[in-house]
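Shown next: query-v7.cif, given as mmCIF, N, CA and C atoms.
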data_model
loop_
_atom_site.label_atom_id
_atom_site.label_comp_id
_atom_site.auth_asym_id
_atom_site.auth_seq_id
_atom_site.Cartn_x
_atom_site.Cartn_y
_atom_site.Cartn_z
N MET F 25 -27.53 1.04 -19.15
CA MET F 25 -28.31 1.31 -20.33
C MET F 25 -27.42 1.37 -21.58
N VAL F 26 -26.27 2.01 -21.44
CA VAL F 26 -25.35 2.13 -22.56
C VAL F 26 -24.81 0.75 -22.95
N GLY F 27 -24.54 -0.09 -21.96
CA GLY F 27 -24.05 -1.44 -22.23
C GLY F 27 -25.06 -2.29 -22.98
N LEU F 28 -26.33 -2.16 -22.62
CA LEU F 28 -27.39 -2.89 -23.31
C LEU F 28 -27.50 -2.43 -24.76
N PHE F 29 -27.48 -1.13 -24.98
CA PHE F 29 -27.52 -0.61 -26.34
C PHE F 29 -26.32 -1.09 -27.15
N ALA F 30 -25.15 -1.09 -26.54
CA ALA F 30 -23.94 -1.54 -27.24
C ALA F 30 -24.03 -3.02 -27.60
N ALA F 31 -24.59 -3.83 -26.71
CA ALA F 31 -24.74 -5.27 -27.00
C ALA F 31 -25.71 -5.50 -28.15
N ILE F 32 -26.82 -4.79 -28.17
CA ILE F 32 -27.80 -4.94 -29.25
C ILE F 32 -27.20 -4.47 -30.58
N ALA F 33 -26.52 -3.35 -30.56
CA ALA F 33 -25.89 -2.84 -31.79
C ALA F 33 -24.81 -3.80 -32.28
N ALA F 34 -24.04 -4.37 -31.37
CA ALA F 34 -23.00 -5.33 -31.76
C ALA F 34 -23.61 -6.57 -32.39
N LEU F 35 -24.72 -7.04 -31.86
CA LEU F 35 -25.39 -8.21 -32.43
C LEU F 35 -25.87 -7.92 -33.85
N VAL F 36 -26.52 -6.79 -34.05
CA VAL F 36 -27.06 -6.44 -35.36
C VAL F 36 -25.94 -6.22 -36.37
N TYR F 37 -24.93 -5.46 -36.00
CA TYR F 37 -23.87 -5.11 -36.95
C TYR F 37 -22.81 -6.20 -37.11
N SER F 38 -22.82 -7.22 -36.26
CA SER F 38 -21.85 -8.30 -36.41
C SER F 38 -22.37 -9.42 -37.31
N THR F 39 -23.62 -9.38 -37.69
CA THR F 39 -24.21 -10.42 -38.52
C THR F 39 -23.75 -10.26 -39.96
N ARG F 40 -23.24 -11.35 -40.54
CA ARG F 40 -22.78 -11.38 -41.93
C ARG F 40 -23.46 -12.52 -42.64
N VAL F 41 -23.91 -12.29 -43.86
CA VAL F 41 -24.55 -13.32 -44.68
C VAL F 41 -23.71 -13.52 -45.93
N THR F 42 -23.38 -14.77 -46.20
CA THR F 42 -22.63 -15.12 -47.40
C THR F 42 -23.49 -16.05 -48.24
N VAL F 43 -23.62 -15.74 -49.52
CA VAL F 43 -24.39 -16.58 -50.43
C VAL F 43 -23.40 -17.38 -51.27
N THR F 44 -23.53 -18.71 -51.22
CA THR F 44 -22.68 -19.59 -52.01
C THR F 44 -23.53 -20.28 -53.07
N ASP F 45 -22.92 -21.14 -53.86
CA ASP F 45 -23.67 -21.90 -54.86
C ASP F 45 -24.64 -22.89 -54.22
N HIS F 46 -24.37 -23.28 -52.98
CA HIS F 46 -25.16 -24.33 -52.34
C HIS F 46 -26.09 -23.83 -51.24
N GLY F 47 -25.92 -22.60 -50.79
CA GLY F 47 -26.78 -22.11 -49.72
C GLY F 47 -26.31 -20.81 -49.10
N LEU F 48 -26.87 -20.53 -47.94
CA LEU F 48 -26.54 -19.32 -47.18
C LEU F 48 -25.67 -19.70 -45.98
N ILE F 49 -24.76 -18.82 -45.64
CA ILE F 49 -23.98 -18.96 -44.41
C ILE F 49 -24.22 -17.68 -43.61
N ILE F 50 -24.79 -17.83 -42.43
CA ILE F 50 -25.07 -16.70 -41.56
C ILE F 50 -24.07 -16.74 -40.40
N ARG F 51 -23.30 -15.68 -40.25
CA ARG F 51 -22.30 -15.60 -39.19
C ARG F 51 -22.72 -14.48 -38.22
N THR F 52 -22.84 -14.83 -36.94
CA THR F 52 -23.25 -13.87 -35.91
C THR F 52 -22.14 -13.76 -34.87
N TRP F 53 -21.98 -12.57 -34.31
CA TRP F 53 -20.94 -12.30 -33.31
C TRP F 53 -19.56 -12.64 -33.86
N TYR F 54 -19.42 -12.64 -35.16
CA TYR F 54 -18.15 -12.90 -35.85
C TYR F 54 -17.63 -14.32 -35.69
N VAL F 55 -18.25 -15.16 -34.88
CA VAL F 55 -17.75 -16.52 -34.66
C VAL F 55 -18.80 -17.61 -34.83
N ILE F 56 -20.06 -17.33 -34.54
CA ILE F 56 -21.11 -18.34 -34.64
C ILE F 56 -21.52 -18.45 -36.11
N ARG F 57 -21.36 -19.63 -36.67
CA ARG F 57 -21.63 -19.85 -38.09
C ARG F 57 -22.77 -20.83 -38.26
N HIS F 58 -23.77 -20.45 -39.07
CA HIS F 58 -24.93 -21.29 -39.34
C HIS F 58 -25.09 -21.41 -40.85
N SER F 59 -25.11 -22.62 -41.36
CA SER F 59 -25.23 -22.86 -42.80
C SER F 59 -26.62 -23.37 -43.13
N ILE F 60 -27.22 -22.81 -44.20
CA ILE F 60 -28.55 -23.22 -44.64
C ILE F 60 -28.46 -23.61 -46.12
N PRO F 61 -28.47 -24.91 -46.44
CA PRO F 61 -28.44 -25.32 -47.85
C PRO F 61 -29.75 -24.94 -48.56
N PHE F 62 -29.65 -24.57 -49.82
CA PHE F 62 -30.84 -24.17 -50.58
C PHE F 62 -31.87 -25.29 -50.67
N ASP F 63 -31.43 -26.55 -50.72
CA ASP F 63 -32.39 -27.64 -50.87
C ASP F 63 -33.20 -27.90 -49.60
N GLU F 64 -32.82 -27.32 -48.46
CA GLU F 64 -33.59 -27.44 -47.22
C GLU F 64 -34.60 -26.31 -47.05
N ILE F 65 -34.56 -25.29 -47.92
CA ILE F 65 -35.43 -24.12 -47.78
C ILE F 65 -36.79 -24.40 -48.42
N GLY F 66 -37.83 -24.27 -47.61
CA GLY F 66 -39.19 -24.42 -48.11
C GLY F 66 -39.72 -23.10 -48.64
N HIS F 67 -39.50 -22.03 -47.91
CA HIS F 67 -39.86 -20.67 -48.32
C HIS F 67 -39.21 -19.70 -47.35
N SER F 68 -39.30 -18.43 -47.66
CA SER F 68 -38.80 -17.39 -46.76
C SER F 68 -39.79 -16.24 -46.75
N LYS F 69 -39.77 -15.49 -45.68
CA LYS F 69 -40.66 -14.34 -45.56
C LYS F 69 -39.81 -13.08 -45.47
N VAL F 70 -40.17 -12.10 -46.28
CA VAL F 70 -39.48 -10.82 -46.31
C VAL F 70 -40.42 -9.79 -45.70
N GLN F 71 -39.95 -9.10 -44.66
CA GLN F 71 -40.78 -8.12 -43.96
C GLN F 71 -40.32 -6.70 -44.27
N TYR F 72 -41.26 -5.87 -44.66
CA TYR F 72 -41.03 -4.43 -44.87
C TYR F 72 -41.81 -3.69 -43.80
N LEU F 73 -41.31 -2.53 -43.39
CA LEU F 73 -42.06 -1.70 -42.45
C LEU F 73 -42.35 -0.36 -43.10
N ALA F 74 -41.75 0.71 -42.65
CA ALA F 74 -42.10 2.05 -43.12
C ALA F 74 -41.53 2.38 -44.50
N GLU F 75 -40.37 1.85 -44.84
CA GLU F 75 -39.77 2.16 -46.13
C GLU F 75 -40.10 1.04 -47.12
N ALA F 76 -40.84 1.39 -48.15
CA ALA F 76 -41.33 0.40 -49.11
C ALA F 76 -40.23 -0.23 -49.95
N ASP F 77 -39.07 0.39 -50.02
CA ASP F 77 -38.00 -0.14 -50.87
C ASP F 77 -36.83 -0.72 -50.07
N TRP F 78 -36.98 -0.90 -48.76
CA TRP F 78 -35.89 -1.42 -47.94
C TRP F 78 -36.43 -2.49 -46.99
N PRO F 79 -36.17 -3.77 -47.27
CA PRO F 79 -36.66 -4.83 -46.38
C PRO F 79 -35.99 -4.76 -45.00
N VAL F 80 -36.76 -5.10 -43.98
CA VAL F 80 -36.28 -5.02 -42.61
C VAL F 80 -35.72 -6.36 -42.14
N ALA F 81 -36.40 -7.46 -42.50
CA ALA F 81 -35.98 -8.76 -42.00
C ALA F 81 -36.27 -9.85 -43.01
N LEU F 82 -35.49 -10.89 -42.95
CA LEU F 82 -35.66 -12.08 -43.77
C LEU F 82 -35.68 -13.27 -42.83
N THR F 83 -36.74 -14.07 -42.90
CA THR F 83 -36.86 -15.28 -42.10
C THR F 83 -36.94 -16.45 -43.06
N VAL F 84 -36.06 -17.43 -42.89
CA VAL F 84 -35.99 -18.59 -43.78
C VAL F 84 -36.60 -19.79 -43.06
N TYR F 85 -37.54 -20.46 -43.74
CA TYR F 85 -38.22 -21.62 -43.18
C TYR F 85 -37.84 -22.88 -43.96
N GLY F 86 -37.91 -24.01 -43.28
CA GLY F 86 -37.66 -25.30 -43.91
C GLY F 86 -38.92 -25.80 -44.60
N HIS F 87 -38.88 -27.04 -45.03
CA HIS F 87 -40.04 -27.61 -45.71
C HIS F 87 -41.22 -27.76 -44.77
N ASP F 88 -40.95 -27.95 -43.48
CA ASP F 88 -42.00 -27.87 -42.46
C ASP F 88 -42.29 -26.39 -42.29
N ARG F 89 -43.48 -25.95 -42.53
CA ARG F 89 -43.84 -24.52 -42.58
C ARG F 89 -43.51 -23.77 -41.29
N HIS F 90 -43.28 -24.48 -40.19
CA HIS F 90 -43.04 -23.80 -38.92
C HIS F 90 -41.58 -23.87 -38.46
N ALA F 91 -40.75 -24.62 -39.17
CA ALA F 91 -39.35 -24.76 -38.76
C ALA F 91 -38.53 -23.59 -39.29
N VAL F 92 -38.09 -22.72 -38.39
CA VAL F 92 -37.27 -21.56 -38.77
C VAL F 92 -35.82 -22.02 -38.90
N LEU F 93 -35.25 -21.84 -40.10
CA LEU F 93 -33.86 -22.21 -40.33
C LEU F 93 -32.91 -21.06 -40.02
N GLY F 94 -33.39 -19.83 -40.16
CA GLY F 94 -32.54 -18.68 -39.87
C GLY F 94 -33.28 -17.37 -40.03
N ARG F 95 -32.77 -16.35 -39.35
CA ARG F 95 -33.31 -14.99 -39.44
C ARG F 95 -32.16 -14.03 -39.67
N VAL F 96 -32.44 -13.02 -40.50
CA VAL F 96 -31.43 -12.00 -40.78
C VAL F 96 -32.09 -10.64 -40.69
N ALA F 97 -31.55 -9.76 -39.84
CA ALA F 97 -31.99 -8.37 -39.79
C ALA F 97 -31.29 -7.63 -40.93
N LEU F 98 -32.05 -6.92 -41.75
CA LEU F 98 -31.50 -6.31 -42.95
C LEU F 98 -31.33 -4.80 -42.89
N LYS F 99 -31.68 -4.16 -41.80
CA LYS F 99 -31.53 -2.70 -41.74
C LYS F 99 -30.07 -2.27 -41.63
N ALA F 100 -29.21 -3.15 -41.15
CA ALA F 100 -27.79 -2.83 -41.04
C ALA F 100 -27.04 -3.12 -42.35
N VAL F 101 -27.76 -3.58 -43.36
CA VAL F 101 -27.18 -3.94 -44.65
C VAL F 101 -27.51 -2.85 -45.65
N ARG F 102 -26.62 -2.64 -46.62
CA ARG F 102 -26.92 -1.66 -47.67
C ARG F 102 -28.23 -2.02 -48.35
N LYS F 103 -28.97 -1.01 -48.75
CA LYS F 103 -30.29 -1.21 -49.35
C LYS F 103 -30.23 -2.13 -50.57
N GLN F 104 -29.25 -1.93 -51.44
CA GLN F 104 -29.13 -2.75 -52.65
C GLN F 104 -28.85 -4.21 -52.30
N ASP F 105 -28.03 -4.45 -51.29
CA ASP F 105 -27.72 -5.82 -50.88
C ASP F 105 -28.93 -6.49 -50.25
N ALA F 106 -29.68 -5.75 -49.45
CA ALA F 106 -30.88 -6.30 -48.83
C ALA F 106 -31.92 -6.67 -49.88
N LYS F 107 -32.12 -5.81 -50.86
CA LYS F 107 -33.08 -6.10 -51.94
C LYS F 107 -32.62 -7.29 -52.77
N TRP F 108 -31.30 -7.39 -53.01
CA TRP F 108 -30.77 -8.49 -53.81
C TRP F 108 -30.97 -9.83 -53.13
N ILE F 109 -30.61 -9.92 -51.85
CA ILE F 109 -30.73 -11.21 -51.17
C ILE F 109 -32.19 -11.64 -51.05
N CYS F 110 -33.10 -10.68 -50.89
CA CYS F 110 -34.52 -11.00 -50.78
C CYS F 110 -35.13 -11.41 -52.12
N SER F 111 -34.44 -11.12 -53.21
CA SER F 111 -34.97 -11.47 -54.52
C SER F 111 -34.42 -12.79 -55.05
N LEU F 112 -33.56 -13.46 -54.30
CA LEU F 112 -33.00 -14.72 -54.76
C LEU F 112 -34.10 -15.77 -54.91
N PRO F 113 -34.23 -16.38 -56.11
CA PRO F 113 -35.31 -17.36 -56.30
C PRO F 113 -35.12 -18.61 -55.44
N GLN F 114 -33.90 -18.94 -55.04
CA GLN F 114 -33.66 -20.11 -54.21
C GLN F 114 -34.29 -19.99 -52.83
N LEU F 115 -34.55 -18.75 -52.39
CA LEU F 115 -35.15 -18.52 -51.07
C LEU F 115 -36.67 -18.63 -51.10
N LYS F 116 -37.26 -18.65 -52.29
CA LYS F 116 -38.72 -18.73 -52.46
C LYS F 116 -39.43 -17.69 -51.58
N PRO F 117 -39.11 -16.41 -51.80
CA PRO F 117 -39.60 -15.36 -50.88
C PRO F 117 -41.10 -15.08 -51.00
N GLU F 118 -41.70 -14.82 -49.84
CA GLU F 118 -43.06 -14.32 -49.73
C GLU F 118 -42.94 -12.92 -49.13
N ILE F 119 -43.57 -11.94 -49.74
CA ILE F 119 -43.45 -10.55 -49.30
C ILE F 119 -44.56 -10.21 -48.31
N HIS F 120 -44.21 -9.64 -47.18
CA HIS F 120 -45.15 -9.14 -46.18
C HIS F 120 -44.91 -7.65 -46.05
N PRO F 121 -45.81 -6.82 -46.59
CA PRO F 121 -45.53 -5.39 -46.72
C PRO F 121 -45.49 -4.59 -45.43
N GLY F 122 -45.98 -5.08 -44.32
CA GLY F 122 -45.93 -4.30 -43.09
C GLY F 122 -46.75 -3.03 -43.20
N LEU F 123 -46.15 -1.87 -42.94
CA LEU F 123 -46.87 -0.60 -42.95
C LEU F 123 -46.93 0.04 -44.35
N THR F 124 -46.27 -0.58 -45.31
CA THR F 124 -46.21 -0.01 -46.65
C THR F 124 -47.34 -0.58 -47.51
N LYS F 125 -47.54 0.00 -48.68
CA LYS F 125 -48.52 -0.53 -49.60
C LYS F 125 -48.01 -1.81 -50.22
N ALA F 126 -48.91 -2.73 -50.49
CA ALA F 126 -48.51 -4.00 -51.11
C ALA F 126 -47.94 -3.76 -52.49
N ARG F 127 -46.87 -4.49 -52.81
CA ARG F 127 -46.24 -4.37 -54.12
C ARG F 127 -46.82 -5.40 -55.08
N VAL F 128 -46.79 -5.06 -56.35
CA VAL F 128 -47.30 -5.97 -57.37
C VAL F 128 -46.18 -6.86 -57.86
#
Could I get this file's structure written as structure tokens?
Amino acid sequence: MVGLFAAIAALVYSTRVTVTDHGLIIRTWYVIRHSIPFDEIGHSKVQYLAEADWPVALTVYGHDRHAVLGRVALKAVRKQDAKWICSLPQLKPEIHPGLTKARV
């Protein structure tokens, strides 16, 4: 049980997102690198749950509405950084409020 918890925590806390002039670079397990150019992004979905000011997850889709280009769990990220990345206009974010009240 402890090993399973450690593996899940390592996955969440090892994820790093870098924003460049041309796109996003998502690094998982410190070695797996996935690059998403901004021109391939059709839209992204930002999910909130219980805390209205802290996004939980970001899912990036391609121009095909069903093609997932990448997912980022944001609870392991500082609140300000999570809000900043979700507000990038290049990601074309759609807000899904979850358990919180819808934002204007």
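Residues in contact with Gln104 in chain F at up to 8 Å, not including ones fewer than 4 positions away on its chain and judged by only N, CA and C atoms, are F:Asp77, F:Trp78, F:Trp108, F:Ile109, F:Cys110.
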Distance CA of Lys116 in chain F-CA of Lys69 in chain F, one decimal place?
8.4 Å
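Evaluated on this file, the PyMOL selection byres (((chain F and resi 55-57 and name CA) around 10) and name CA) matches F:Ser38, F:Thr39, F:Arg40, F:Val41, F:Ile49, F:Ile50, F:Arg51, F:Thr52, F:Trp53, F:Tyr54, F:His58, F:Ser59.
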Helix (DSSP H, G or I) per DSSP on the backbone: members of chain F, as JSON, numbers by chain
{"F": [26, 27, 28, 29, 30, 31, 32, 33, 34, 35, 36, 37, 38, 62, 63, 64, 103, 104, 105, 106, 107, 108, 109, 110, 113, 114, 115]}
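Pairwise distance (CA of Val43 in chain F, CA of Leu73 in chain F) equals 24.4 Å.
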Identify all residues satisfying the PyMOL selection byres ((chain F and resi 81) around 5) in the given file; provide them as a ChimeraX atom specification.
/F:70-71,79-80,82-83,96-98
What do you get, as a ChimeraX atom specification, if you spell out every residue that the PyMOL selection byres (((chain F and resi 92 and name CA) around 12) and name CA) selects here?
/F:60,64-69,82-91,93-96
Using backbone DSSP assignments, extract all strand (DSSP E or B) residues from chain F; output them as a ChimeraX atom specification.
/F:40-43,47-52,56-61,65-71,81-86,92-97,117-120
Around (-31.3, -23.6, -51.5) in the file's frame, which residues reach within 7 Å when counting only C-alpha atoms? Return as a PDB file with N, CA and C atoms, in the frame of the given file?
ATOM      1  N   HIS F  46     -24.370 -23.280 -52.980  1.00  0.00           N
ATOM      2  CA  HIS F  46     -25.160 -24.330 -52.340  1.00  0.00           C
ATOM      3  C   HIS F  46     -26.090 -23.830 -51.240  1.00  0.00           C
ATOM      4  N   GLY F  47     -25.920 -22.600 -50.790  1.00  0.00           N
ATOM      5  CA  GLY F  47     -26.780 -22.110 -49.720  1.00  0.00           C
ATOM      6  C   GLY F  47     -26.310 -20.810 -49.100  1.00  0.00           C
ATOM      7  N   PRO F  61     -28.470 -24.910 -46.440  1.00  0.00           N
ATOM      8  CA  PRO F  61     -28.440 -25.320 -47.850  1.00  0.00           C
ATOM      9  C   PRO F  61     -29.750 -24.940 -48.560  1.00  0.00           C
ATOM     10  N   PHE F  62     -29.650 -24.570 -49.820  1.00  0.00           N
ATOM     11  CA  PHE F  62     -30.840 -24.170 -50.580  1.00  0.00           C
ATOM     12  C   PHE F  62     -31.870 -25.290 -50.670  1.00  0.00           C
ATOM     13  N   ASP F  63     -31.430 -26.550 -50.720  1.00  0.00           N
ATOM     14  CA  ASP F  63     -32.390 -27.640 -50.870  1.00  0.00           C
ATOM     15  C   ASP F  63     -33.200 -27.900 -49.600  1.00  0.00           C
ATOM     16  N   GLU F  64     -32.820 -27.320 -48.460  1.00  0.00           N
ATOM     17  CA  GLU F  64     -33.590 -27.440 -47.220  1.00  0.00           C
ATOM     18  C   GLU F  64     -34.600 -26.310 -47.050  1.00  0.00           C
ATOM     19  N   ILE F  65     -34.560 -25.290 -47.920  1.00  0.00           N
ATOM     20  CA  ILE F  65     -35.430 -24.120 -47.780  1.00  0.00           C
ATOM     21  C   ILE F  65     -36.790 -24.400 -48.420  1.00  0.00           C
ATOM     22  N   GLN F 114     -33.900 -18.940 -55.040  1.00  0.00           N
ATOM     23  CA  GLN F 114     -33.660 -20.110 -54.210  1.00  0.00           C
ATOM     24  C   GLN F 114     -34.290 -19.990 -52.830  1.00  0.00           C
ATOM     25  N   LEU F 115     -34.550 -18.750 -52.390  1.00  0.00           N
ATOM     26  CA  LEU F 115     -35.150 -18.520 -51.070  1.00  0.00           C
ATOM     27  C   LEU F 115     -36.670 -18.630 -51.100  1.00  0.00           C
TER      28      LEU F 115
END
Length of the CA of Ala74 in chain F to CA of Phe29 in chain F vector [Å]:
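According to the coordinates, CA of Ala74 in chain F and CA of Phe29 in chain F are separated by 22.4 Å.
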Minimum-distance residue to Ile119 in chain F, chosen among F:Leu28, F:Ala34, F:Ala76, F:Val101 (using only C-alpha atoms)
F:Ala76
Put a box with edges along x, y and z around all the listed atoms of range 67-78 of chain F, pad it by 6 Å on each side, then give me its centre and sizes in Å, one decimal, as JSON.
{"center_x": -39.1, "center_y": -9.8, "center_z": -46.7, "size_x": 18.5, "size_y": 36.4, "size_z": 20.4}
Complete range 31-42 of chain F with all heavy atoms (output as a tab-separated table (two decimals), in the coordinates of the input).
chain	number	residue	atom	x	y	z
F	31	ALA	N	-24.59	-3.83	-26.71
F	31	ALA	CA	-24.74	-5.27	-27.00
F	31	ALA	C	-25.71	-5.50	-28.15
F	31	ALA	O	-25.44	-6.32	-29.03
F	31	ALA	CB	-25.20	-6.00	-25.75
F	32	ILE	N	-26.82	-4.79	-28.17
F	32	ILE	CA	-27.80	-4.94	-29.25
F	32	ILE	C	-27.20	-4.47	-30.58
F	32	ILE	O	-27.34	-5.13	-31.61
F	32	ILE	CB	-29.10	-4.19	-28.91
F	32	ILE	CG1	-29.81	-4.87	-27.75
F	32	ILE	CG2	-30.02	-4.12	-30.12
F	32	ILE	CD1	-30.97	-4.11	-27.19
F	33	ALA	N	-26.52	-3.35	-30.56
F	33	ALA	CA	-25.89	-2.84	-31.79
F	33	ALA	C	-24.81	-3.80	-32.28
F	33	ALA	O	-24.68	-4.04	-33.48
F	33	ALA	CB	-25.30	-1.45	-31.55
F	34	ALA	N	-24.04	-4.37	-31.37
F	34	ALA	CA	-23.00	-5.33	-31.76
F	34	ALA	C	-23.61	-6.57	-32.39
F	34	ALA	O	-23.09	-7.09	-33.38
F	34	ALA	CB	-22.15	-5.71	-30.56
F	35	LEU	N	-24.72	-7.04	-31.86
F	35	LEU	CA	-25.39	-8.21	-32.43
F	35	LEU	C	-25.87	-7.92	-33.85
F	35	LEU	O	-25.64	-8.71	-34.77
F	35	LEU	CB	-26.57	-8.64	-31.56
F	35	LEU	CG	-27.41	-9.79	-32.13
F	35	LEU	CD1	-26.57	-11.05	-32.25
F	35	LEU	CD2	-28.63	-10.01	-31.28
F	36	VAL	N	-26.52	-6.79	-34.05
F	36	VAL	CA	-27.06	-6.44	-35.36
F	36	VAL	C	-25.94	-6.22	-36.37
F	36	VAL	O	-25.97	-6.75	-37.48
F	36	VAL	CB	-27.95	-5.18	-35.26
F	36	VAL	CG1	-28.33	-4.68	-36.64
F	36	VAL	CG2	-29.21	-5.50	-34.46
F	37	TYR	N	-24.93	-5.46	-36.00
F	37	TYR	CA	-23.87	-5.11	-36.95
F	37	TYR	C	-22.81	-6.20	-37.11
F	37	TYR	O	-22.00	-6.13	-38.03
F	37	TYR	CB	-23.23	-3.78	-36.56
F	37	TYR	CG	-24.14	-2.63	-36.87
F	37	TYR	CD1	-24.89	-2.02	-35.87
F	37	TYR	CD2	-24.29	-2.17	-38.18
F	37	TYR	CE1	-25.75	-0.98	-36.16
F	37	TYR	CE2	-25.14	-1.12	-38.47
F	37	TYR	CZ	-25.87	-0.53	-37.47
F	37	TYR	OH	-26.73	0.49	-37.76
F	38	SER	N	-22.82	-7.22	-36.26
F	38	SER	CA	-21.85	-8.30	-36.41
F	38	SER	C	-22.37	-9.42	-37.31
F	38	SER	O	-21.62	-10.31	-37.67
F	38	SER	CB	-21.48	-8.88	-35.05
F	38	SER	OG	-22.56	-9.62	-34.51
F	39	THR	N	-23.62	-9.38	-37.69
F	39	THR	CA	-24.21	-10.42	-38.52
F	39	THR	C	-23.75	-10.26	-39.96
F	39	THR	O	-23.84	-9.18	-40.54
F	39	THR	CB	-25.75	-10.36	-38.45
F	39	THR	OG1	-26.15	-10.52	-37.09
F	39	THR	CG2	-26.37	-11.45	-39.30
F	40	ARG	N	-23.24	-11.35	-40.54
F	40	ARG	CA	-22.78	-11.38	-41.93
F	40	ARG	C	-23.46	-12.52	-42.64
F	40	ARG	O	-23.57	-13.62	-42.09
F	40	ARG	CB	-21.26	-11.58	-42.01
F	40	ARG	CG	-20.46	-10.50	-41.36
F	40	ARG	CD	-20.50	-9.22	-42.21
F	40	ARG	NE	-19.68	-8.19	-41.62
F	40	ARG	CZ	-20.16	-7.12	-41.00
F	40	ARG	NH1	-21.45	-6.95	-40.88
F	40	ARG	NH2	-19.36	-6.21	-40.51
F	41	VAL	N	-23.91	-12.29	-43.86
F	41	VAL	CA	-24.55	-13.32	-44.68
F	41	VAL	C	-23.71	-13.52	-45.93
F	41	VAL	O	-23.38	-12.56	-46.62
F	41	VAL	CB	-25.99	-12.91	-45.06
F	41	VAL	CG1	-26.63	-13.98	-45.94
F	41	VAL	CG2	-26.82	-12.67	-43.83
F	42	THR	N	-23.38	-14.77	-46.20
F	42	THR	CA	-22.63	-15.12	-47.40
F	42	THR	C	-23.49	-16.05	-48.24
F	42	THR	O	-24.03	-17.03	-47.71
F	42	THR	CB	-21.31	-15.83	-47.03
F	42	THR	OG1	-20.57	-15.00	-46.13
F	42	THR	CG2	-20.48	-16.11	-48.27
